[in-house]
$ cat run.cif   # mmCIF, C-alpha atoms
data_run
loop_
_atom_site.label_atom_id
_atom_site.label_comp_id
_atom_site.auth_asym_id
_atom_site.auth_seq_id
_atom_site.Cartn_x
_atom_site.Cartn_y
_atom_site.Cartn_z
CA MET G 259 106.53 116.27 -21.20
CA ILE G 260 105.86 116.83 -17.50
CA ARG G 261 105.87 113.57 -15.53
CA ALA G 262 103.19 113.20 -12.86
CA VAL G 263 102.45 110.94 -9.89
CA LEU G 264 98.96 110.60 -8.37
CA ILE G 265 98.09 109.56 -4.81
CA ASP G 266 94.53 108.91 -3.63
CA ASN G 267 93.36 106.17 -1.29
CA GLU G 268 90.12 105.82 -3.30
CA PRO G 269 90.86 103.68 -6.43
CA LEU G 270 87.80 104.94 -8.32
CA ALA G 271 88.65 108.59 -7.65
CA LEU G 272 92.25 107.90 -8.68
CA HIS G 273 91.16 106.27 -11.94
CA TYR G 274 88.70 109.09 -12.68
CA PHE G 275 91.30 111.80 -12.17
CA GLN G 276 93.88 109.91 -14.22
CA ASN G 277 91.40 109.81 -17.12
CA LYS G 278 90.80 113.56 -16.83
CA LEU G 279 94.53 114.19 -17.12
CA LYS G 280 94.64 112.23 -20.37
CA ASN G 281 93.10 115.30 -22.02
CA PHE G 282 96.40 117.13 -21.47
CA GLN G 283 99.19 115.91 -23.74
CA GLN G 284 101.79 117.87 -21.78
CA ILE G 285 101.14 115.75 -18.64
CA GLU G 286 102.30 112.13 -18.49
CA VAL G 287 101.06 110.10 -15.52
CA THR G 288 103.93 107.74 -14.78
CA LYS G 289 102.68 106.15 -11.56
CA THR G 290 99.60 106.06 -9.31
CA PHE G 291 99.35 105.02 -5.67
CA THR G 292 96.53 104.24 -3.24
CA SER G 293 99.00 103.65 -0.39
CA VAL G 294 101.31 106.27 1.11
CA LYS G 295 103.63 103.54 2.40
CA LEU G 296 104.11 102.11 -1.09
CA PHE G 297 104.73 105.58 -2.48
CA LEU G 298 107.40 106.42 0.12
CA ASN G 299 109.10 103.06 -0.47
CA SER G 300 109.15 103.78 -4.21
CA LEU G 301 110.14 107.45 -3.88
CA PRO G 302 113.95 107.00 -4.23
CA SER G 303 113.51 105.43 -7.69
CA LEU G 304 110.67 107.64 -8.94
CA GLU G 305 111.29 110.41 -11.48
CA PHE G 306 108.53 113.03 -11.64
CA GLU G 307 108.03 116.79 -11.81
CA VAL G 308 104.52 117.11 -10.35
CA ILE G 309 102.46 115.21 -7.81
CA PHE G 310 98.69 115.33 -7.32
CA LEU G 311 97.88 114.58 -3.68
CA GLU G 312 94.65 113.85 -1.85
CA ILE G 313 94.61 115.50 1.61
CA LYS G 314 92.72 112.72 3.40
CA LEU G 315 94.85 109.58 3.23
CA ASP G 316 94.89 106.48 5.41
CA GLU G 317 98.45 106.52 6.75
CA LEU G 318 99.86 110.06 6.62
CA ASN G 319 97.75 112.96 5.40
CA GLY G 320 98.57 114.73 2.15
CA LEU G 321 100.11 117.71 3.92
CA GLU G 322 102.60 115.46 5.71
CA VAL G 323 103.43 113.64 2.48
CA ALA G 324 103.98 116.97 0.70
CA ASP G 325 106.31 118.10 3.50
CA ILE G 326 108.40 114.95 3.03
CA ILE G 327 108.56 115.46 -0.74
CA LYS G 328 109.49 119.14 -0.47
CA SER G 329 112.22 118.34 2.06
CA ASN G 330 113.86 115.89 -0.33
CA ARG G 331 112.89 117.37 -3.70
CA PRO G 332 112.09 121.09 -3.35
CA HIS G 333 111.54 121.47 -7.11
CA VAL G 334 108.64 119.02 -7.28
CA ILE G 335 105.34 120.78 -8.01
CA VAL G 336 102.63 119.79 -5.51
CA ILE G 337 98.93 119.99 -6.38
CA PHE G 338 96.40 119.11 -3.69
CA ILE G 339 93.09 117.50 -4.64
CA THR G 340 90.44 117.13 -1.97
CA SER G 341 86.84 117.66 -0.92
CA TYR G 342 87.90 119.74 2.10
CA SER G 343 88.44 123.51 1.82
CA GLU G 344 89.79 124.10 5.34
CA PHE G 345 93.36 122.96 4.59
CA ALA G 346 94.06 125.50 1.82
CA ILE G 347 96.26 127.88 3.84
CA GLN G 348 98.39 125.02 5.21
CA ALA G 349 98.71 123.63 1.70
CA TYR G 350 100.08 126.90 0.33
CA GLU G 351 102.40 127.36 3.33
CA ILE G 352 103.97 123.97 2.62
CA GLY G 353 104.61 125.06 -0.94
CA GLY G 354 101.64 123.69 -2.85
CA LEU G 355 101.14 125.32 -6.24
CA ASP G 356 97.38 124.79 -6.37
CA TYR G 357 94.46 123.46 -4.33
CA LEU G 358 91.68 121.67 -6.24
CA LEU G 359 88.30 121.04 -4.67
CA LYS G 360 86.36 117.99 -5.86
CA PRO G 361 84.45 117.70 -8.12
CA ILE G 362 87.00 119.26 -10.47
CA SER G 363 85.69 120.84 -13.66
CA GLN G 364 87.61 120.66 -16.91
CA ALA G 365 87.97 124.46 -16.95
CA ARG G 366 89.45 124.48 -13.42
CA LEU G 367 91.85 121.69 -14.31
CA GLU G 368 92.97 123.63 -17.40
CA LYS G 369 93.82 126.54 -15.12
CA THR G 370 95.91 124.25 -12.91
CA VAL G 371 97.76 122.69 -15.84
CA SER G 372 98.58 126.20 -17.10
CA ARG G 373 100.06 126.98 -13.69
CA ILE G 374 102.08 123.76 -13.75
CA GLU G 375 103.42 124.57 -17.22
CA HIS G 376 104.41 128.05 -16.11
CA GLU G 377 106.15 126.79 -12.96
CA PHE G 378 107.90 124.02 -14.89
CA SER G 379 109.13 126.44 -17.57
CA MET G 380 110.45 128.79 -14.87
CA GLN G 381 112.37 125.89 -13.29
CA GLN G 382 113.78 124.89 -16.66
CA LEU G 383 114.92 128.44 -17.31
CA VAL G 384 116.69 128.58 -13.96
CA GLN G 385 118.45 125.28 -14.63
CA GLN G 386 119.57 126.40 -18.07
CA THR G 387 121.13 129.62 -16.76
CA SER G 388 124.80 129.32 -15.91
CA ASN G 389 124.96 132.41 -13.66
CA THR G 390 123.28 132.66 -10.28
CA ILE G 391 119.81 134.09 -10.88
CA LEU G 392 117.36 135.13 -8.22
CA ASN G 393 113.81 133.91 -8.65
CA VAL G 394 111.40 136.23 -6.86
CA GLN G 395 107.78 135.24 -6.29
CA CYS G 396 105.30 138.05 -5.66
CA PHE G 397 101.96 136.39 -6.35
CA ASN G 398 100.29 134.58 -3.44
CA GLN G 399 103.18 134.82 -0.94
CA PHE G 400 106.43 136.77 -1.31
CA ALA G 401 109.42 134.45 -1.54
CA THR G 402 112.92 134.62 -2.97
CA TYR G 403 114.96 131.69 -4.29
CA SER G 404 118.66 131.47 -5.13
CA ASN G 405 119.96 128.36 -6.87
CA ASN G 406 116.49 126.92 -6.27
CA SER G 407 116.83 127.28 -2.49
CA LEU G 408 114.64 129.57 -0.40
CA VAL G 409 116.49 132.71 0.69
CA SER G 410 116.33 133.41 4.42
CA PHE G 411 116.41 137.12 5.26
CA LYS G 412 117.97 138.37 8.48
CA THR G 413 114.71 139.99 9.65
CA GLU G 414 111.11 140.24 8.44
CA LYS G 415 111.59 143.97 7.83
CA THR G 416 114.59 143.21 5.61
CA LYS G 417 112.39 140.89 3.58
CA GLU G 418 109.62 143.51 3.41
CA LEU G 419 112.10 146.18 2.31
CA PHE G 420 113.24 143.91 -0.53
CA ALA G 421 109.60 143.29 -1.49
CA TYR G 422 109.02 147.04 -1.70
CA PHE G 423 112.08 147.49 -3.91
CA ILE G 424 110.97 144.64 -6.17
CA LEU G 425 107.59 146.31 -6.70
CA HIS G 426 109.20 149.72 -7.32
CA PRO G 427 112.37 149.14 -9.35
CA ASN G 428 114.39 151.83 -11.11
CA MET G 429 112.65 154.72 -9.36
CA PRO G 430 113.99 157.13 -6.72
CA ILE G 431 112.45 156.52 -3.28
CA HIS G 432 113.03 159.07 -0.54
CA ARG G 433 114.50 157.72 2.66
CA ASP G 434 111.61 159.14 4.69
CA VAL G 435 109.08 157.34 2.50
CA LEU G 436 110.69 154.01 3.39
CA ILE G 437 110.72 154.96 7.06
CA GLU G 438 107.04 155.91 7.04
CA ILE G 439 106.07 152.73 5.19
CA LEU G 440 108.06 150.27 7.29
CA TRP G 441 108.04 151.90 10.74
CA PRO G 442 105.02 154.26 10.82
CA ASN G 443 104.62 154.16 14.61
CA LEU G 444 108.28 154.50 15.57
CA ASP G 445 110.04 157.77 16.39
CA TYR G 446 112.11 159.11 13.51
CA VAL G 447 115.58 158.58 14.98
CA ARG G 448 114.97 154.91 15.85
CA ALA G 449 113.16 154.29 12.54
CA LYS G 450 116.05 155.79 10.58
CA SER G 451 118.48 153.55 12.46
CA ASN G 452 116.29 150.52 11.71
CA LEU G 453 116.24 151.42 8.02
CA HIS G 454 120.03 151.60 7.87
CA THR G 455 120.28 148.24 9.62
CA ALA G 456 117.75 146.61 7.27
CA LEU G 457 119.56 148.05 4.24
CA SER G 458 122.86 146.72 5.54
CA TYR G 459 121.37 143.25 5.97
CA LEU G 460 119.74 143.37 2.52
CA ARG G 461 122.89 144.55 0.75
CA LYS G 462 124.90 141.78 2.40
CA THR G 463 122.33 139.15 1.39
CA LEU G 464 122.29 140.37 -2.21
CA ASN G 465 126.09 140.64 -2.33
CA ASN G 466 126.43 137.02 -1.20
CA MET G 467 124.24 135.97 -4.13
CA GLY G 468 126.21 137.95 -6.69
CA TYR G 469 124.04 141.06 -6.81
CA ALA G 470 126.34 143.78 -5.53
CA ASN G 471 125.62 147.48 -5.92
CA CYS G 472 122.01 147.20 -7.08
CA ILE G 473 120.81 149.53 -4.27
CA ILE G 474 122.04 153.05 -4.98
CA PHE G 475 121.83 155.97 -2.51
CA SER G 476 122.09 159.61 -3.56
CA ASN G 477 120.89 162.80 -1.89
CA LYS G 478 118.49 161.03 0.52
CA TYR G 479 117.01 158.87 -2.28
CA TYR G 480 117.38 155.12 -2.81
CA ILE G 481 117.11 153.47 -6.20
CA PHE G 482 116.82 149.71 -6.66
CA GLU G 483 118.35 149.12 -10.09
CA LYS G 484 116.50 146.08 -11.38
CA PRO G 485 119.09 143.34 -11.86
CA ASN G 486 118.95 140.24 -14.04
CA ILE G 487 116.41 138.23 -12.06
CA LEU G 488 113.38 136.05 -12.63
CA CYS G 489 110.21 137.54 -11.16
CA ASP G 490 106.62 136.44 -11.70
CA LEU G 491 105.42 140.05 -11.32
CA TYR G 492 107.69 141.26 -14.11
CA GLU G 493 106.63 138.29 -16.24
CA PHE G 494 102.96 139.15 -15.65
CA GLN G 495 103.58 142.78 -16.57
CA ASP G 496 105.25 141.73 -19.84
CA CYS G 497 102.50 139.23 -20.59
CA PHE G 498 99.75 141.75 -19.84
CA SER G 499 101.51 144.32 -22.03
CA ASP G 500 101.32 141.84 -24.93
CA PHE G 501 97.64 141.31 -24.13
CA LYS G 502 96.93 145.05 -24.26
CA LYS G 503 98.71 145.44 -27.59
CA SER G 504 96.38 142.95 -29.31
CA ASP G 505 92.83 143.73 -30.38
CA PHE G 506 92.11 140.00 -30.43
CA PRO G 507 94.40 138.36 -27.87
CA PRO G 508 94.45 134.54 -28.05
CA ILE G 509 92.97 132.51 -25.21
CA SER G 510 96.41 130.97 -24.64
CA LEU G 511 97.85 134.42 -23.82
CA ILE G 512 94.94 135.20 -21.49
CA ASN G 513 95.39 131.88 -19.68
CA GLN G 514 99.15 132.45 -19.43
CA CYS G 515 98.55 135.77 -17.66
CA LEU G 516 95.94 134.23 -15.35
CA ALA G 517 98.25 131.33 -14.46
CA ILE G 518 101.01 133.73 -13.41
CA TYR G 519 98.58 135.82 -11.33
CA LYS G 520 97.49 132.79 -9.27
CA ASP G 521 95.26 134.18 -6.47
CA GLY G 522 96.67 137.71 -6.27
CA LEU G 523 99.63 139.87 -5.32
CA LEU G 524 101.15 139.28 -1.86
CA ILE G 525 97.84 137.93 -0.54
CA PHE G 526 99.54 136.05 2.31
CA ASP G 527 101.74 139.01 3.30
CA ASP G 528 100.48 141.75 5.61
CA TYR G 529 101.99 144.66 3.67
CA GLU G 530 99.58 147.59 3.85
CA TRP G 531 101.67 149.62 1.40
CA ALA G 532 100.99 147.00 -1.30
CA THR G 533 97.23 147.72 -1.38
CA SER G 534 97.34 150.14 -4.33
CA ASP G 535 99.60 147.80 -6.33
CA ARG G 536 97.32 144.88 -5.50
CA ASP G 537 94.23 146.82 -6.57
CA LYS G 538 95.85 147.82 -9.86
CA LEU G 539 96.73 144.22 -10.66
CA THR G 540 93.25 143.08 -9.65
CA LYS G 541 91.82 145.42 -12.30
CA SER G 542 94.16 143.84 -14.85
CA TYR G 543 93.04 140.38 -13.70
CA ILE G 544 89.37 141.32 -14.10
CA GLU G 545 90.08 142.72 -17.57
CA LEU G 546 91.69 139.40 -18.54
CA LEU G 547 88.71 137.42 -17.21
CA GLU G 548 86.21 139.64 -19.05
CA LYS G 549 88.11 139.26 -22.31
CA GLY G 550 88.37 135.50 -21.77
CA PHE G 551 84.63 135.35 -21.11
CA GLN G 552 83.77 137.38 -24.22
CA THR G 553 86.19 135.42 -26.41
CA SER G 554 85.13 131.92 -25.36
CA ILE G 555 81.38 132.42 -24.88
CA GLY G 556 80.53 131.38 -28.43
CA THR G 557 82.85 128.39 -28.67
CA GLU G 558 83.72 126.96 -25.24
CA THR G 559 80.77 127.23 -22.88
CA GLU G 560 82.35 125.55 -19.84
CA LYS G 561 85.44 127.74 -20.04
CA ALA G 562 83.30 130.87 -20.48
CA ILE G 563 81.25 130.01 -17.38
CA ASP G 564 84.47 129.44 -15.42
CA TYR G 565 85.70 132.92 -16.38
CA LEU G 566 82.32 134.36 -15.41
CA ASN G 567 82.23 132.65 -12.00
CA ARG G 568 85.69 133.98 -11.23
CA LEU G 569 84.57 137.47 -12.24
CA LEU G 570 81.59 137.28 -9.91
CA GLU G 571 83.83 136.21 -7.03
CA PHE G 572 85.61 139.58 -7.22
CA ASP G 573 82.53 141.77 -7.56
CA PRO G 574 79.52 139.70 -6.48
CA TYR G 575 77.04 142.58 -5.94
CA ASN G 576 77.64 144.66 -9.09
CA GLU G 577 74.26 144.45 -10.82
CA LEU G 578 75.27 146.62 -13.76
CA LYS G 579 78.07 144.21 -14.62
CA LEU G 580 75.83 141.21 -13.97
CA GLU G 581 73.23 142.54 -16.42
CA GLN G 582 75.92 142.87 -19.08
CA TYR G 583 77.17 139.33 -18.46
CA LEU G 584 73.64 137.89 -18.55
CA GLN G 585 72.88 139.73 -21.77
CA LEU G 586 75.99 138.25 -23.39
CA LEU G 587 74.95 134.76 -22.30
CA ILE G 588 71.47 135.27 -23.73
CA GLU G 589 72.85 136.57 -27.03
CA ALA G 590 75.01 133.44 -27.25
CA GLY G 591 71.93 131.27 -26.74
CA LEU G 592 72.99 130.13 -23.27
CA HIS G 593 69.63 130.77 -21.58
CA THR G 594 69.91 127.94 -19.03
CA GLN G 595 73.36 129.03 -17.91
CA ALA G 596 72.22 132.65 -17.65
CA TYR G 597 69.21 131.66 -15.56
CA THR G 598 71.41 129.59 -13.23
CA ILE G 599 73.76 132.56 -12.74
CA PHE G 600 70.77 134.82 -11.96
CA LEU G 601 69.31 132.38 -9.41
CA THR G 602 72.71 132.05 -7.70
CA TYR G 603 72.98 135.83 -7.48
CA GLU G 604 69.43 136.15 -6.13
CA GLN G 605 70.14 133.56 -3.44
CA LYS G 606 73.44 135.24 -2.51
CA LEU G 607 71.71 138.60 -2.02
CA LYS G 608 69.11 136.96 0.20
CA GLU G 609 71.66 135.09 2.35
CA ASP G 610 74.33 137.79 2.59
CA LEU G 611 72.37 141.03 2.62
CA ALA G 612 68.73 140.00 3.18
CA ILE G 613 67.63 141.94 0.09
CA THR G 614 66.28 141.14 -3.35
CA PRO G 615 67.65 142.15 -6.77
CA SER G 616 66.80 145.60 -8.06
CA SER G 617 63.53 146.14 -9.91
CA THR G 618 65.50 146.64 -13.12
CA LEU G 619 67.20 143.25 -12.84
CA LEU G 620 63.97 141.53 -11.79
CA GLU G 621 62.16 143.03 -14.77
CA MET G 622 64.99 141.90 -17.04
CA SER G 623 64.89 138.38 -15.59
CA ASN G 624 61.12 138.13 -16.02
CA LYS G 625 61.43 139.01 -19.70
CA LEU G 626 64.41 136.79 -20.42
CA PHE G 627 63.74 133.78 -18.23
CA SER G 628 59.95 133.44 -18.11
CA HIS G 629 60.13 130.13 -19.99
CA ASN G 630 62.52 128.71 -17.35
CA GLN G 631 60.28 129.52 -14.39
#
$ encode --input "run.cif" --output "structure tokens"
Amino acid sequence: MIRAVLIDNEPLALHYFQNKLKNFQQIEVTKTFTSVKLFLNSLPSLEFEVIFLEIKLDELNGLEVADIIKSNRPHVIVIFITSYSEFAIQAYEIGGLDYLLKPISQARLEKTVSRIEHEFSMQQLVQQTSNTILNVQCFNQFATYSNNSLVSFKTEKTKELFAYFILHPNMPIHRDVLIEILWPNLDYVRAKSNLHTALSYLRKTLNNMGYANCIIFSNKYYIFEKPNILCDLYEFQDCFSDFKKSDFPPISLINQCLAIYKDGLLIFDDYEWATSDRDKLTKSYIELLEKGFQTSIGTETEKAIDYLNRLLEFDPYNELKLEQYLQLLIEAGLHTQAYTIFLTYEQKLKEDLAITPSSTLLEMSNKLFSHNQ
């Protein structure tokens, strides 16, 4: 059971959200607050693993409250709930796991709870391990934790070098490739010196955490021998491998993969070299969403529509795909939902590109949706 605390200065909103959480047996709401002052006074005696925070509060704002919590209890999972989208980046920088915009659908809340379960299980695994284990986070923003504390790298380039090794373990990487990736605009001699310095810093950092000799150099090639670490990227790759092996993967496996993926690989890190890796994982993410959509369309309409909306966010102008999705909705008897999706697409084309749907899609819509018009 994962213990939760809720804070919202609107009692009705607090009560409504608490009722929504009752649908999840794995979450136990132990305390609710409408006052930040009362919460902070009670904090020393409170035991909880996750907190749901409104951004707009009367005394301190939710970001300030989260900062206080993370300073004292870095393991607490923070979920922001708000009607304001403009604080999302700050929320993730503070260490928030998710950012929910009101009104919150059941499907969106299921996604958040899956993320909470994944994060909680990762924390439990770390606590149960007697040896020092690194926990490396690649999705959303790159971060490394040792003994549950954030690892501070000597320089940003040292951190980026480690990120590159994490994404390319157990493979020989030529020294000049690293130089070109990390210092493309620097002359070779200085860049080579910088690489040696960054490697020295990285080796020292890893040695101090019990990971000696995992960077091997031979004949101008470096190999990062993947040590015993926790890494969300490796977990996603294992999970997606299980998904690919099954002709009929369960929804729980699909949701597990999606929860690990969060919003994407290194999306808050300006690493140009990661583009191809990011694109590859995005294709995997889309494949998961499409399978989730196809699997749930006949049984769980709200969840199917959530998968579909997330698909359209990635490729909003692909009419061929849209036609396929609409046809599947029609075949499942979801005419109203299909018509709503079409109207949203038509409006998006008009606002973003000042064009109308293709004649093929318009003809299809006239045949399928004439009774809705």
$ residues_around --input "run.cif" --residues "Leu620 of chain G" --least-positions-apart "4" --cutoff "12 Å" --atoms "all atoms listed in the file" --output "PyMOL selection string"
chain G and resi 577+581+597+600-601+603-604+614-616+624-628
$ closest_residue --input "run.cif" --among "G:Ser410, G:Asn393, G:Lys462, G:Ile481" --to "Pro430 of chain G" --atoms "all atoms listed in the file"
G:Ile481
$ resolve_selection --input "run.cif" --expression "the PyMOL selection byres ((chain G and resi 312-314) around 12)" --output "ChimeraX atom specification"
/G:263-269,271-272,275,290-294,309-311,315-324,336-346,348-349,354,357-360
$ atom_distance --input "run.cif" --atom1 "atom CA of Leu569 of chain G" --atom2 "atom CA of Gly353 of chain G"
26.1 Å
$ residues_around --input "run.cif" --residues "Val334 of chain G" --least-positions-apart "4" --cutoff "10 Å" --atoms "only C-alpha atoms" --output "PDB file with C-alpha atoms, in the coordinates of the input"
ATOM      1  CA  ALA G 262     103.190 113.200 -12.860  1.00  0.00           C
ATOM      2  CA  GLU G 305     111.290 110.410 -11.480  1.00  0.00           C
ATOM      3  CA  PHE G 306     108.530 113.030 -11.640  1.00  0.00           C
ATOM      4  CA  GLU G 307     108.030 116.790 -11.810  1.00  0.00           C
ATOM      5  CA  VAL G 308     104.520 117.110 -10.350  1.00  0.00           C
ATOM      6  CA  ILE G 309     102.460 115.210  -7.810  1.00  0.00           C
ATOM      7  CA  ALA G 324     103.980 116.970   0.700  1.00  0.00           C
ATOM      8  CA  ILE G 327     108.560 115.460  -0.740  1.00  0.00           C
ATOM      9  CA  LYS G 328     109.490 119.140  -0.470  1.00  0.00           C
ATOM     10  CA  ASN G 330     113.860 115.890  -0.330  1.00  0.00           C
ATOM     11  CA  GLY G 353     104.610 125.060  -0.940  1.00  0.00           C
ATOM     12  CA  GLY G 354     101.640 123.690  -2.850  1.00  0.00           C
ATOM     13  CA  LEU G 355     101.140 125.320  -6.240  1.00  0.00           C
ATOM     14  CA  GLU G 377     106.150 126.790 -12.960  1.00  0.00           C
ATOM     15  CA  PHE G 378     107.900 124.020 -14.890  1.00  0.00           C
ATOM     16  CA  GLN G 381     112.370 125.890 -13.290  1.00  0.00           C
TER      17      GLN G 381
END
$ residues_around --input "run.cif" --residues "Arg366 of chain G" --least-positions-apart "2" --cutoff "12 Å" --atoms "all atoms listed in the file" --output "VMD selection string"
chain G and resid 278 339 356 to 364 368 to 373 513 516 to 517 560 to 565 567 to 568
$ closest_residue --input "run.cif" --among "G:Pro442, G:Gly468, G:Gly522, G:Pro302" --to "Phe572 of chain G" --atoms "only C-alpha atoms"
G:Gly522
$ residues_around --input "run.cif" --residues "Ile474 of chain G" --least-positions-apart "4" --cutoff "10 Å" --atoms "only C-alpha atoms" --output "PyMOL selection string"
chain G and resi 428+430+479-483
$ atom_distance --input "run.cif" --atom1 "atom CA of Cys489 of chain G" --atom2 "atom CA of Leu392 of chain G"
8.1 Å
$ closest_residue --input "run.cif" --among "G:Lys579, G:His432, G:Lys608, G:Lys412" --to "Thr455 of chain G" --atoms "only C-alpha atoms"
G:Lys412
$ resolve_selection --input "run.cif" --expression "the PyMOL selection byres ((chain G and resi 529-545) around 8)" --output "ChimeraX atom specification"
/G:418,439,498,516,519,522-524,527-528,546-549,569
$ resolve_selection --input "run.cif" --expression "the PyMOL selection byres ((chain G and resi 285) around 8)" --output "list in words"
Met259, Ile260, Arg261, Ala262, Leu279, Lys280, Phe282, Gln283, Gln284, Glu286 and Val287 of chain G
$ closest_residue --input "run.cif" --among "G:Leu584, G:Ile352, G:Ile424, G:Ile347" --to "Asp325 of chain G" --atoms "all atoms listed in the file"
G:Ile352
$ atom_distance --input "run.cif" --atom1 "atom CA of Ser303 of chain G" --atom2 "atom CA of Ile326 of chain G"
15.2 Å
$ closest_residue --input "run.cif" --among "G:Leu419, G:Leu457, G:Ala590, G:Leu570" --to "Thr553 of chain G" --atoms "all atoms listed in the file"
G:Ala590
$ closest_residue --input "run.cif" --among "G:Ile391, G:Ile588, G:Leu566, G:Cys515" --to "Gln552 of chain G" --atoms "all atoms listed in the file"
G:Leu566
$ residues_around --input "run.cif" --residues "Thr463 of chain G" --least-positions-apart "2" --cutoff "9 Å" --atoms "only C-alpha atoms" --output "ChimeraX atom specification"
/G:409-412,458-461,465-467,469
$ residues_near_point --input "run.cif" --point "(114.7, 157.5, 11.1)" --cutoff "12 Å" --atoms "only C-alpha atoms" --output "PyMOL selection string"
chain G and resi 432-456+478
